[in-house]
Structures are given as structure tokens and as C-alpha cells.
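**Q** Got a file for you: start_7.txt, compact mmCIF, C-alpha atoms and all ligand atoms.
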# COMPACT_ATOMS: atom_id res chain seq x y z
CA MET A 7 -8.05 -5.45 -2.05
CA GLU A 8 -4.36 -5.76 -2.83
CA VAL A 9 -1.86 -4.38 -0.29
CA LYS A 10 1.66 -3.61 -1.51
CA GLU A 11 4.43 -2.34 0.79
CA VAL A 12 6.17 0.56 -1.01
CA PHE A 13 8.54 1.39 1.86
CA LYS A 14 8.83 -0.28 5.27
CA GLY A 15 5.53 0.60 6.99
CA VAL A 16 4.09 2.46 3.98
CA TYR A 17 1.52 0.67 1.86
CA ARG A 18 -0.37 1.10 -1.35
CA ILE A 19 -3.91 -0.22 -1.22
CA ASP A 20 -5.30 -0.15 -4.71
CA ARG A 21 -4.27 3.40 -5.73
CA ARG A 22 -4.17 4.91 -2.25
CA LEU A 23 -1.28 5.29 0.15
CA ALA A 24 -1.77 4.08 3.75
CA THR A 25 -0.01 3.31 7.01
CA LEU A 26 -0.81 0.56 9.50
CA ASN A 27 -2.94 2.10 12.26
CA LEU A 28 -0.96 2.05 15.51
CA ILE A 29 -4.19 2.70 17.45
CA PRO A 30 -6.87 0.63 15.71
CA GLY A 31 -10.23 2.38 15.47
CA MET A 32 -8.71 5.84 15.95
CA ARG A 33 -8.80 8.49 13.21
CA VAL A 34 -6.73 11.68 13.41
CA TYR A 35 -8.11 13.93 10.65
CA GLY A 36 -11.14 12.11 9.27
CA GLU A 37 -9.08 9.71 7.14
CA GLU A 38 -10.60 6.47 5.94
CA LEU A 39 -9.78 3.26 7.81
CA ILE A 40 -9.48 0.08 5.75
CA THR A 41 -9.15 -3.44 7.15
CA VAL A 42 -7.45 -6.06 4.99
CA ASN A 43 -6.64 -9.56 6.31
CA GLY A 44 -7.33 -8.44 9.89
CA ARG A 45 -4.95 -5.44 9.74
CA GLU A 46 -6.30 -1.91 9.94
CA TYR A 47 -4.74 0.76 7.71
CA ARG A 48 -5.21 4.56 7.70
CA THR A 49 -5.37 6.08 4.24
CA TRP A 50 -2.75 8.81 3.81
CA ASN A 51 -4.09 11.74 1.82
CA PRO A 52 -1.47 13.40 -0.45
CA TYR A 53 -3.59 16.54 -0.59
CA ARG A 54 -3.36 16.85 3.20
CA SER A 55 0.22 15.65 3.79
CA LYS A 56 3.34 16.76 1.89
CA LEU A 57 5.20 13.57 2.79
CA SER A 58 2.42 11.50 1.31
CA ALA A 59 2.51 13.75 -1.79
CA ALA A 60 6.30 13.30 -2.06
CA ILE A 61 5.92 9.50 -1.90
CA MET A 62 3.21 9.62 -4.55
CA LYS A 63 5.61 11.71 -6.68
CA GLY A 64 8.26 8.96 -6.46
CA LEU A 65 10.38 9.83 -3.38
CA LYS A 66 13.47 7.61 -3.45
CA ASN A 67 15.14 8.06 -0.06
CA MET A 68 12.80 7.00 2.73
CA GLY A 69 14.76 6.77 5.96
CA ILE A 70 11.68 6.84 8.20
CA LYS A 71 11.15 3.30 9.43
CA SER A 72 10.21 1.21 12.45
CA GLY A 73 12.18 2.18 15.56
CA ALA A 74 13.40 5.55 14.20
CA ASP A 75 13.48 8.67 16.37
CA VAL A 76 12.14 11.64 14.42
CA LEU A 77 12.36 15.36 15.20
CA TYR A 78 9.33 16.96 13.55
CA LEU A 79 9.28 20.76 13.29
CA GLY A 80 5.88 22.34 12.62
CA ALA A 81 3.69 19.42 13.70
CA ALA A 82 0.48 21.52 13.58
CA THR A 83 -2.46 19.29 14.59
CA GLY A 84 -0.55 16.10 13.79
CA THR A 85 -1.79 15.01 10.36
CA THR A 86 1.57 13.98 8.89
CA ALA A 87 3.19 13.36 12.28
CA SER A 88 0.52 10.73 13.05
CA HIS A 89 1.41 8.75 9.91
CA ILE A 90 5.08 8.95 10.87
CA SER A 91 4.00 7.69 14.31
CA ASP A 92 2.40 4.67 12.56
CA ILE A 93 5.61 4.00 10.61
CA VAL A 94 8.10 4.29 13.49
CA ALA A 95 5.65 2.33 15.70
CA GLU A 96 6.10 1.54 19.42
CA LYS A 97 9.88 1.43 19.37
CA GLY A 98 10.31 4.79 17.66
CA SER A 99 9.37 8.30 18.69
CA VAL A 100 8.20 11.53 17.08
CA TYR A 101 9.22 14.72 18.87
CA CYS A 102 6.51 17.15 17.74
CA ILE A 103 7.64 20.77 17.94
CA GLU A 104 4.82 23.27 17.40
CA ILE A 105 4.70 26.99 18.19
CA SER A 106 0.93 27.55 18.01
CA GLU A 107 -1.07 26.97 21.18
CA ARG A 108 -4.23 26.54 19.13
CA SER A 109 -2.75 23.70 17.04
CA MET A 110 -1.21 22.22 20.17
CA ARG A 111 -4.64 21.75 21.74
CA ASP A 112 -5.65 19.33 18.94
CA LEU A 113 -2.21 17.78 18.79
CA LEU A 114 -2.39 16.93 22.50
CA LYS A 115 -5.57 14.89 21.93
CA THR A 116 -3.76 12.78 19.33
CA CYS A 117 -0.65 12.40 21.48
CA GLU A 118 -2.70 11.22 24.49
CA ARG A 119 -3.45 7.99 22.63
CA ARG A 120 -0.27 7.77 20.55
CA LYS A 121 2.40 7.32 23.16
CA ASN A 122 5.26 7.56 20.64
CA MET A 123 4.28 11.17 19.77
CA LEU A 124 5.78 13.67 22.18
CA PRO A 125 4.21 17.14 21.91
CA MET A 126 6.36 20.17 22.68
CA LEU A 127 5.02 23.73 22.60
CA GLU A 128 8.23 25.35 21.42
CA ASP A 129 9.70 27.72 18.85
CA ALA A 130 11.91 25.64 16.53
CA ARG A 131 14.42 28.54 16.51
CA LEU A 132 15.13 28.02 20.20
CA THR A 133 16.81 24.65 20.02
CA ASN A 134 18.36 24.98 23.47
CA SER A 135 14.94 24.79 25.10
CA TYR A 136 14.31 21.24 23.83
CA ALA A 137 17.84 19.93 23.24
CA TYR A 138 17.93 17.93 26.47
CA ASP A 139 14.62 16.12 25.72
CA VAL A 140 15.41 15.39 22.07
CA GLY A 141 19.04 14.31 22.28
CA SER A 142 20.04 12.85 18.90
CA VAL A 143 17.63 11.66 16.20
CA ASP A 144 17.58 9.44 13.09
CA ILE A 145 15.39 11.81 11.04
CA LEU A 146 14.76 15.54 10.88
CA TYR A 147 11.46 16.59 9.27
CA GLN A 148 10.52 20.24 8.80
CA ASP A 149 7.33 21.88 7.59
CA VAL A 150 7.24 25.35 9.14
CA SER A 151 5.72 28.40 7.52
CA ALA A 152 8.40 30.89 8.54
CA LYS A 153 10.61 33.41 6.75
CA ASP A 154 13.78 31.96 8.27
CA GLN A 155 13.01 28.33 7.33
CA ALA A 156 16.55 27.68 6.15
CA ASP A 157 18.15 28.91 9.38
CA ILE A 158 15.70 26.85 11.45
CA PHE A 159 16.52 23.74 9.40
CA ILE A 160 20.29 24.25 9.70
CA ARG A 161 20.11 24.94 13.44
CA ASN A 162 18.09 21.76 14.08
CA SER A 163 20.40 19.58 12.00
CA VAL A 164 22.66 19.54 15.06
CA PHE A 165 20.32 16.84 16.50
CA LEU A 166 20.64 14.61 13.44
CA LYS A 167 22.99 11.61 13.50
CA LYS A 168 25.72 11.57 10.87
CA GLY A 169 24.65 10.03 7.55
CA SER A 170 20.94 10.47 8.37
CA PHE A 171 18.24 12.13 6.28
CA ALA A 172 16.56 15.50 6.74
CA TYR A 173 13.28 16.22 4.93
CA VAL A 174 11.92 19.70 4.32
CA ALA A 175 8.88 21.24 2.69
CA ILE A 176 10.07 24.67 1.54
CA LYS A 177 7.35 27.30 1.30
CA SER A 178 8.61 30.12 -0.90
CA GLN A 179 5.67 32.41 -0.10
CA SER A 180 6.60 32.44 3.58
CA ILE A 181 10.18 33.37 2.71
CA ASP A 182 9.50 36.07 0.11
CA VAL A 183 6.21 36.54 -1.76
CA SER A 184 7.73 39.07 -4.17
CA ARG A 185 10.32 36.66 -5.68
CA ARG A 186 9.95 33.79 -8.13
CA PRO A 187 9.57 30.52 -6.15
CA GLU A 188 12.42 28.91 -8.18
CA SER A 189 14.86 31.58 -7.01
CA VAL A 190 13.74 31.25 -3.37
CA TYR A 191 14.13 27.45 -3.54
CA ALA A 192 17.59 27.76 -5.11
CA GLU A 193 18.74 30.12 -2.36
CA PHE A 194 17.38 27.81 0.34
CA ILE A 195 19.18 24.82 -1.17
CA SER A 196 22.46 26.66 -1.60
CA LYS A 197 22.36 27.86 2.03
CA VAL A 198 21.56 24.43 3.48
CA SER A 199 24.06 22.70 1.16
CA MET A 200 26.88 24.30 3.15
CA HIS A 201 25.86 21.97 6.01
CA MET A 202 24.16 18.95 4.42
CA LYS A 203 24.16 17.29 1.03
CA LEU A 204 21.07 17.60 -1.20
CA VAL A 205 20.07 14.10 -2.28
CA GLU A 206 16.66 14.66 -3.84
CA LYS A 207 14.05 17.32 -4.56
CA THR A 208 10.61 17.24 -6.05
CA ILE A 209 7.72 19.54 -6.75
CA LEU A 210 4.50 18.26 -5.21
CA GLU A 211 2.04 19.16 -7.98
CA PRO A 212 -0.76 18.27 -8.49
CA TYR A 213 -1.17 17.64 -4.75
CA ASP A 214 0.38 20.91 -3.56
CA ARG A 215 1.41 23.99 -5.53
CA MET A 216 3.07 25.98 -2.77
CA HIS A 217 6.10 23.89 -1.76
CA LEU A 218 9.27 22.25 -2.97
CA PHE A 219 10.03 19.05 -1.07
CA ALA A 220 13.74 18.35 -0.54
CA VAL A 221 15.80 15.63 1.11
CA PHE A 222 19.25 16.31 2.55
CA GLN A 223 21.79 13.99 4.13
CA LYS A 224 24.05 14.94 7.02
CA PRO A 225 27.67 14.15 6.15
CA TYR A 226 29.53 11.30 7.91
C1 LIG A 301 2.00 23.96 7.19
S1 LIG A 301 1.80 23.77 8.88
C2 LIG A 301 2.38 22.14 9.19
C3 LIG A 301 1.50 21.01 8.71
C4 LIG A 301 1.98 19.67 9.22
N1 LIG A 301 3.39 19.52 9.02
C5 LIG A 301 1.30 18.48 8.59
O1 LIG A 301 1.66 18.05 7.50
O2 LIG A 301 0.41 17.94 9.24
C6 LIG A 301 3.12 24.73 9.52
C7 LIG A 301 3.20 24.74 11.03
O3 LIG A 301 4.42 25.33 11.44
C8 LIG A 301 4.21 25.97 12.68
N2 LIG A 301 5.34 26.88 12.92
C9 LIG A 301 5.62 28.04 12.27
N3 LIG A 301 6.74 28.59 12.78
C10 LIG A 301 7.19 27.75 13.75
C11 LIG A 301 8.30 27.76 14.64
N4 LIG A 301 9.18 28.76 14.62
N5 LIG A 301 8.44 26.73 15.51
C12 LIG A 301 7.54 25.72 15.54
N6 LIG A 301 6.47 25.66 14.72
C13 LIG A 301 6.29 26.65 13.85
C14 LIG A 301 2.86 26.65 12.47
O4 LIG A 301 2.25 27.01 13.70
C15 LIG A 301 2.09 25.57 11.70
O5 LIG A 301 1.35 24.76 12.57
Step by step, read the file and then write its structure as C-alpha cells.
**A**
Amino acid sequence: MEVKEVFKGVYRIDRRLATLNLIPGMRVYGEELITVNGREYRTWNPYRSKLSAAIMKGLKNMGIKSGADVLYLGAATGTTASHISDIVAEKGSVYCIEISERSMRDLLKTCERRKNMLPMLEDARLTNSYAYDVGSVDILYQDVSAKDQADIFIRNSVFLKKGSFAYVAIKSQSIDVSRRPESVYAEFISKVSMHMKLVEKTILEPYDRMHLFAVFQKPY
């Protein structure tokens, strides 16, 4: 099998995307483990992870790399966050903010083994309650199904270092089911653009039909 590094810590094995497993032998969501030349990789399913889908769709700006500190809003049970944990590896960290106690129960199991994933049962609107623990970060990543997604994203950009990237999966149906998704996306982008610069956006079809994936950069 041929392994090609598409971004630092992100690999293509044959036609599949994968990350190097930080905890060999451990699966997080039933993903396939593949060993090539003594290194174990976790396949990264674009139908289960919007970041994987965005990479498959040709994402250009990938700031997530070894040693990065990532603030992840809407970690759920840790599917995407665990792949980010593989990429940032031991020297990086993933602050996993999640509001649902039910999701947190599963997330905790993953975080017990993955020491660079720090679970926080918090509402991403209430930044003051986790500001002290998070400090400043290299990456902001948001995937929350909430009506006020844009406000949450803007509020949390305070943690982001200048010049760094912020990634967001925008779910128009959570914002307003009655409007055309294109108009909801445009409003989100125009609101956030008052604080950060849009550098890239992509629809995630055929992997996901419900979100627009966008990348912003905090000004210097
Ligand atoms: C689509 S799921 C995230 C999936 C996950 N990002 C992944 O790829 O593995 C959205 C998550 O956002 C969480 N959420 C919604 N509102 C939130 C808020 N205000 N603060 C923190 N998490 C929130 C939900 O509980 C849910 O787990």
C-alpha cells in the first residue's frame, strides 16, 4: 500500500484519508486501522467527519499540525477531535468543548487514553467559564448545531492568536430552516468577516449536504 502525506500528519493510503494513530490499537468510532511499514494509521471517514470531507474536497489552508493547540467547539463524542489529536500529537492539545452530558460520557472514554484531548462540559457561548484553562490557541475549530453559530464563533475568536486559522462547519438548518441555505451562509460569512478574513469556503457534497465549510484567518 502506498502512503502519501497530503498535509503534515494527514495521509492518503490508496484512496482513503488517514492519520497516524497516537494510541496504537485503539479505535474511537469503529474506524479501520491499517499498518504500513510498522506504523499504524486510522482511516478518516469523510462521511463521518466534516474536516475529512473538506480535505477530500481540496482544502488548501491546513494550519492544524504537530504541536498546535486547538480549541474545538462541539466535540460531540470525539470523532473529528480524535483525528486532530493524532495530528497535533503529544506536544499539542485539543480543548474539547461540548454541552451535552450524553456525548461527554463517550468523549471522556476517548480522552482517558488520549492525554492531549482535554474534555470540558461547557456551553461555547460562556467563554469566561473556560478562558483561564484555554488561554490562547493556534487553531479554532467549530461544529456546533446552534442558531447563534456566528456569535459563538466570533466570541471564541478572542482565544485565537493573530494570523491563525479558524475553521467552521456552518449548518444553515440550525440557523433558519425557512431560508435558502445560500442566504444563511452569506449572512454568516458577512457577520464573521467583520472580525476575521474569509480565506476559503467549500461545500462538502457528496460527503455532507447540510453544511458549508469555511476557513477564516484572524488579522495580524
Ligand atoms: C454535529 S455535532 C459535532 C460533531 C463533531 N464535531 C465531529 O465531527 O465529531 C454538534 C455538537 O455541538 C454540540 N453543541 C451544540 N451547541 C453547543 C454549545 N452551545 N456549546 C458546546 N457544544 C454545543 C452538540 O451537543 C453536538 O454534540
**Q** Could you tell me how far atom CA of His89 of chain A sits from atom CA of Asn122 of chain A, in Å to one decimal place?
**A**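 Atom CA of Asn122 of chain A sits 11.5 Å away from atom CA of His89 of chain A.
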**Q** So which one's closest to Val205 of chain A, A:Ile181, A:Met32, A:Val140, A:Val174? Using all atoms listed in the file, please.
**A** A:Val174
**Q** Which residues are near ligand LIG 301 (chain A) in this structure, taking near to mean any atom at most 9 Å from a ligand atom and counting only C-alpha atoms and all ligand atoms? Format them as an mmCIF file with C-alpha atoms, keeping the file's coordinate frame.
**A**
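Dumped everything to part35.cif:
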data_model
loop_
_atom_site.group_PDB
_atom_site.id
_atom_site.type_symbol
_atom_site.label_atom_id
_atom_site.label_comp_id
_atom_site.auth_asym_id
_atom_site.auth_seq_id
_atom_site.Cartn_x
_atom_site.Cartn_y
_atom_site.Cartn_z
ATOM 1 C CA ARG A 54 -3.360 16.850 3.200
ATOM 2 C CA SER A 55 0.220 15.650 3.790
ATOM 3 C CA LYS A 56 3.340 16.760 1.890
ATOM 4 C CA LEU A 57 5.200 13.570 2.790
ATOM 5 C CA TYR A 78 9.330 16.960 13.550
ATOM 6 C CA LEU A 79 9.280 20.760 13.290
ATOM 7 C CA GLY A 80 5.880 22.340 12.620
ATOM 8 C CA ALA A 81 3.690 19.420 13.700
ATOM 9 C CA ALA A 82 0.480 21.520 13.580
ATOM 10 C CA THR A 83 -2.460 19.290 14.590
ATOM 11 C CA GLY A 84 -0.550 16.100 13.790
ATOM 12 C CA THR A 85 -1.790 15.010 10.360
ATOM 13 C CA THR A 86 1.570 13.980 8.890
ATOM 14 C CA ALA A 87 3.190 13.360 12.280
ATOM 15 C CA SER A 88 0.520 10.730 13.050
ATOM 16 C CA CYS A 102 6.510 17.150 17.740
ATOM 17 C CA ILE A 103 7.640 20.770 17.940
ATOM 18 C CA GLU A 104 4.820 23.270 17.400
ATOM 19 C CA ILE A 105 4.700 26.990 18.190
ATOM 20 C CA SER A 106 0.930 27.550 18.010
ATOM 21 C CA GLU A 107 -1.070 26.970 21.180
ATOM 22 C CA ARG A 108 -4.230 26.540 19.130
ATOM 23 C CA SER A 109 -2.750 23.700 17.040
ATOM 24 C CA MET A 110 -1.210 22.220 20.170
ATOM 25 C CA LEU A 127 5.020 23.730 22.600
ATOM 26 C CA GLU A 128 8.230 25.350 21.420
ATOM 27 C CA ASP A 129 9.700 27.720 18.850
ATOM 28 C CA ALA A 130 11.910 25.640 16.530
ATOM 29 C CA ARG A 131 14.420 28.540 16.510
ATOM 30 C CA LEU A 132 15.130 28.020 20.200
ATOM 31 C CA TYR A 147 11.460 16.590 9.270
ATOM 32 C CA GLN A 148 10.520 20.240 8.800
ATOM 33 C CA ASP A 149 7.330 21.880 7.590
ATOM 34 C CA VAL A 150 7.240 25.350 9.140
ATOM 35 C CA SER A 151 5.720 28.400 7.520
ATOM 36 C CA ALA A 152 8.400 30.890 8.540
ATOM 37 C CA LYS A 153 10.610 33.410 6.750
ATOM 38 C CA ASP A 154 13.780 31.960 8.270
ATOM 39 C CA GLN A 155 13.010 28.330 7.330
ATOM 40 C CA ILE A 158 15.700 26.850 11.450
ATOM 41 C CA ALA A 175 8.880 21.240 2.690
ATOM 42 C CA LYS A 177 7.350 27.300 1.300
#
**Q** Excluding same-chain residues fewer than 5 positions from Ala220 of chain A, what lies within 10 Å of it counting all atoms listed in the file, as a PyMOL selection string?
**A** chain A and resi 60+65+172-176+191+195+204-209
**Q** Can you tell me which residues surround segment 74-76 of chain A at a distance of at most 8 Å, considering all atoms listed in the file, apart from same-chain residues fewer than 4 positions away, and format the answer as a list of chain:residue names?
**A**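 In the requested format, the answer is A:Ile70, A:Val94, A:Lys97, A:Gly98, A:Ser99, A:Val100, A:Tyr101, A:Val143, A:Asp144, A:Ile145, A:Leu146, A:Tyr147.
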**Q** So that I have them on file, write out the residues from the current selection with C-alpha atoms, as a tab-separated table (two decimals), in the coordinates of the input.
**A**
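As a result, part.tsv now contains:
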chain	number	residue	atom	x	y	z
A	70	ILE	CA	11.68	6.84	8.20
A	94	VAL	CA	8.10	4.29	13.49
A	97	LYS	CA	9.88	1.43	19.37
A	98	GLY	CA	10.31	4.79	17.66
A	99	SER	CA	9.37	8.30	18.69
A	100	VAL	CA	8.20	11.53	17.08
A	101	TYR	CA	9.22	14.72	18.87
A	143	VAL	CA	17.63	11.66	16.20
A	144	ASP	CA	17.58	9.44	13.09
A	145	ILE	CA	15.39	11.81	11.04
A	146	LEU	CA	14.76	15.54	10.88
A	147	TYR	CA	11.46	16.59	9.27
**Q** Just to confirm, what's the straight-line distance from atom CA of Lys71 of chain A to atom CA of Gln223 of chain A in Å (one decimal)?
**A**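 Interatomic distance, atom CA of Lys71 of chain A to atom CA of Gln223 of chain A: 16.0 Å.
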**Q** As an exercise, work out the distance from atom CA of Gly31 of chain A to atom CA of Glu46 of chain A in Å and give it to one decimal place.
**A**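 Taking atom CA of Gly31 of chain A and atom CA of Glu46 of chain A, their separation equals 8.0 Å.
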**Q** Nearest residue to Lys224 of chain A out of A:Gly141, A:Pro187, A:Gly169, A:Pro212, using all atoms listed in the file?
**A**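 Once distances to Lys224 of chain A are computed over all atoms listed in the file, the minimum belongs to A:Gly169.
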**Q** Given the choices A:His201, A:Lys121, A:Arg215, A:Arg48, which gets closest to Asn27 of chain A if the distance is worked out from all atoms listed in the file?
**A** A:Arg48
**Q** Segment 170-179 of chain A, all listed atoms, 5 Å padding on each side: what axis-aligned box centre and edge lengths in Å to one decimal come out, as AutoDock Vina command-line options?
**A**
--center_x 13.3 --center_y 21.4 --center_z 3.7 --size_x 25.3 --size_y 31.9 --size_z 19.3
**Q** Rebuild all heavy atoms on segment 188-199 of chain A, as a JSON list (two decimals), in the frame of the given file?
**A**
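Saved the output as rebuild12.json:
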[["chain", "number", "residue", "atom", "x", "y", "z"],
["A", 188, "GLU", "N", 11.21, 29.64, -7.78],
["A", 188, "GLU", "CA", 12.42, 28.91, -8.18],
["A", 188, "GLU", "C", 13.67, 29.55, -7.58],
["A", 188, "GLU", "O", 14.60, 28.86, -7.15],
["A", 188, "GLU", "CB", 12.57, 28.88, -9.71],
["A", 188, "GLU", "CG", 11.52, 28.05, -10.44],
["A", 188, "GLU", "CD", 10.13, 28.69, -10.42],
["A", 188, "GLU", "OE1", 10.03, 29.92, -10.30],
["A", 188, "GLU", "OE2", 9.14, 27.93, -10.51],
["A", 189, "SER", "N", 13.69, 30.89, -7.55],
["A", 189, "SER", "CA", 14.86, 31.58, -7.01],
["A", 189, "SER", "C", 14.93, 31.43, -5.48],
["A", 189, "SER", "O", 16.01, 31.28, -4.91],
["A", 189, "SER", "CB", 14.82, 33.04, -7.49],
["A", 189, "SER", "OG", 15.00, 33.93, -6.46],
["A", 190, "VAL", "N", 13.78, 31.45, -4.84],
["A", 190, "VAL", "CA", 13.74, 31.25, -3.37],
["A", 190, "VAL", "C", 14.20, 29.83, -3.03],
["A", 190, "VAL", "O", 15.00, 29.62, -2.12],
["A", 190, "VAL", "CB", 12.31, 31.52, -2.84],
["A", 190, "VAL", "CG1", 12.22, 31.20, -1.35],
["A", 190, "VAL", "CG2", 11.90, 32.95, -3.09],
["A", 191, "TYR", "N", 13.74, 28.85, -3.79],
["A", 191, "TYR", "CA", 14.13, 27.45, -3.54],
["A", 191, "TYR", "C", 15.64, 27.28, -3.74],
["A", 191, "TYR", "O", 16.31, 26.61, -2.95],
["A", 191, "TYR", "CB", 13.40, 26.49, -4.51],
["A", 191, "TYR", "CG", 11.89, 26.45, -4.36],
["A", 191, "TYR", "CD1", 11.07, 26.22, -5.48],
["A", 191, "TYR", "CD2", 11.28, 26.62, -3.12],
["A", 191, "TYR", "CE1", 9.68, 26.19, -5.35],
["A", 191, "TYR", "CE2", 9.89, 26.58, -2.99],
["A", 191, "TYR", "CZ", 9.10, 26.37, -4.11],
["A", 191, "TYR", "OH", 7.74, 26.32, -3.98],
["A", 192, "ALA", "N", 16.16, 27.90, -4.81],
["A", 192, "ALA", "CA", 17.59, 27.76, -5.11],
["A", 192, "ALA", "C", 18.44, 28.36, -3.98],
["A", 192, "ALA", "O", 19.46, 27.78, -3.58],
["A", 192, "ALA", "CB", 17.91, 28.45, -6.44],
["A", 193, "GLU", "N", 17.99, 29.49, -3.46],
["A", 193, "GLU", "CA", 18.74, 30.12, -2.36],
["A", 193, "GLU", "C", 18.69, 29.25, -1.10],
["A", 193, "GLU", "O", 19.70, 29.08, -0.42],
["A", 193, "GLU", "CB", 18.14, 31.50, -2.07],
["A", 193, "GLU", "CG", 18.96, 32.29, -1.07],
["A", 193, "GLU", "CD", 18.32, 33.64, -0.81],
["A", 193, "GLU", "OE1", 17.48, 33.74, 0.10],
["A", 193, "GLU", "OE2", 18.67, 34.60, -1.52],
["A", 194, "PHE", "N", 17.52, 28.69, -0.83],
["A", 194, "PHE", "CA", 17.38, 27.81, 0.34],
["A", 194, "PHE", "C", 18.37, 26.63, 0.21],
["A", 194, "PHE", "O", 19.12, 26.31, 1.12],
["A", 194, "PHE", "CB", 15.93, 27.28, 0.41],
["A", 194, "PHE", "CG", 15.65, 26.40, 1.61],
["A", 194, "PHE", "CD1", 14.92, 26.88, 2.69],
["A", 194, "PHE", "CD2", 16.10, 25.09, 1.67],
["A", 194, "PHE", "CE1", 14.65, 26.06, 3.80],
["A", 194, "PHE", "CE2", 15.84, 24.28, 2.76],
["A", 194, "PHE", "CZ", 15.11, 24.77, 3.82],
["A", 195, "ILE", "N", 18.35, 26.00, -0.96],
["A", 195, "ILE", "CA", 19.18, 24.82, -1.17],
["A", 195, "ILE", "C", 20.67, 25.17, -1.07],
["A", 195, "ILE", "O", 21.45, 24.45, -0.45],
["A", 195, "ILE", "CB", 18.83, 24.16, -2.53],
["A", 195, "ILE", "CG1", 17.47, 23.46, -2.38],
["A", 195, "ILE", "CG2", 19.90, 23.16, -2.97],
["A", 195, "ILE", "CD1", 16.87, 22.96, -3.66],
["A", 196, "SER", "N", 21.04, 26.30, -1.64],
["A", 196, "SER", "CA", 22.46, 26.66, -1.60],
["A", 196, "SER", "C", 22.91, 26.95, -0.16],
["A", 196, "SER", "O", 23.99, 26.57, 0.26],
["A", 196, "SER", "CB", 22.70, 27.80, -2.58],
["A", 196, "SER", "OG", 23.24, 28.89, -1.99],
["A", 197, "LYS", "N", 22.05, 27.57, 0.63],
["A", 197, "LYS", "CA", 22.36, 27.86, 2.03],
["A", 197, "LYS", "C", 22.51, 26.57, 2.85],
["A", 197, "LYS", "O", 23.49, 26.38, 3.57],
["A", 197, "LYS", "CB", 21.23, 28.72, 2.60],
["A", 197, "LYS", "CG", 21.59, 29.52, 3.80],
["A", 197, "LYS", "CD", 20.49, 30.55, 4.07],
["A", 197, "LYS", "CE", 20.88, 31.39, 5.27],
["A", 197, "LYS", "NZ", 19.88, 32.38, 5.62],
["A", 198, "VAL", "N", 21.54, 25.67, 2.70],
["A", 198, "VAL", "CA", 21.56, 24.43, 3.48],
["A", 198, "VAL", "C", 22.69, 23.51, 3.01],
["A", 198, "VAL", "O", 23.28, 22.76, 3.80],
["A", 198, "VAL", "CB", 20.17, 23.73, 3.41],
["A", 198, "VAL", "CG1", 20.22, 22.35, 4.08],
["A", 198, "VAL", "CG2", 19.10, 24.59, 4.07],
["A", 199, "SER", "N", 23.02, 23.59, 1.72],
["A", 199, "SER", "CA", 24.06, 22.70, 1.16],
["A", 199, "SER", "C", 25.44, 22.95, 1.77],
["A", 199, "SER", "O", 26.33, 22.12, 1.62],
["A", 199, "SER", "CB", 24.13, 22.85, -0.36],
["A", 199, "SER", "OG", 22.92, 22.39, -0.91]]
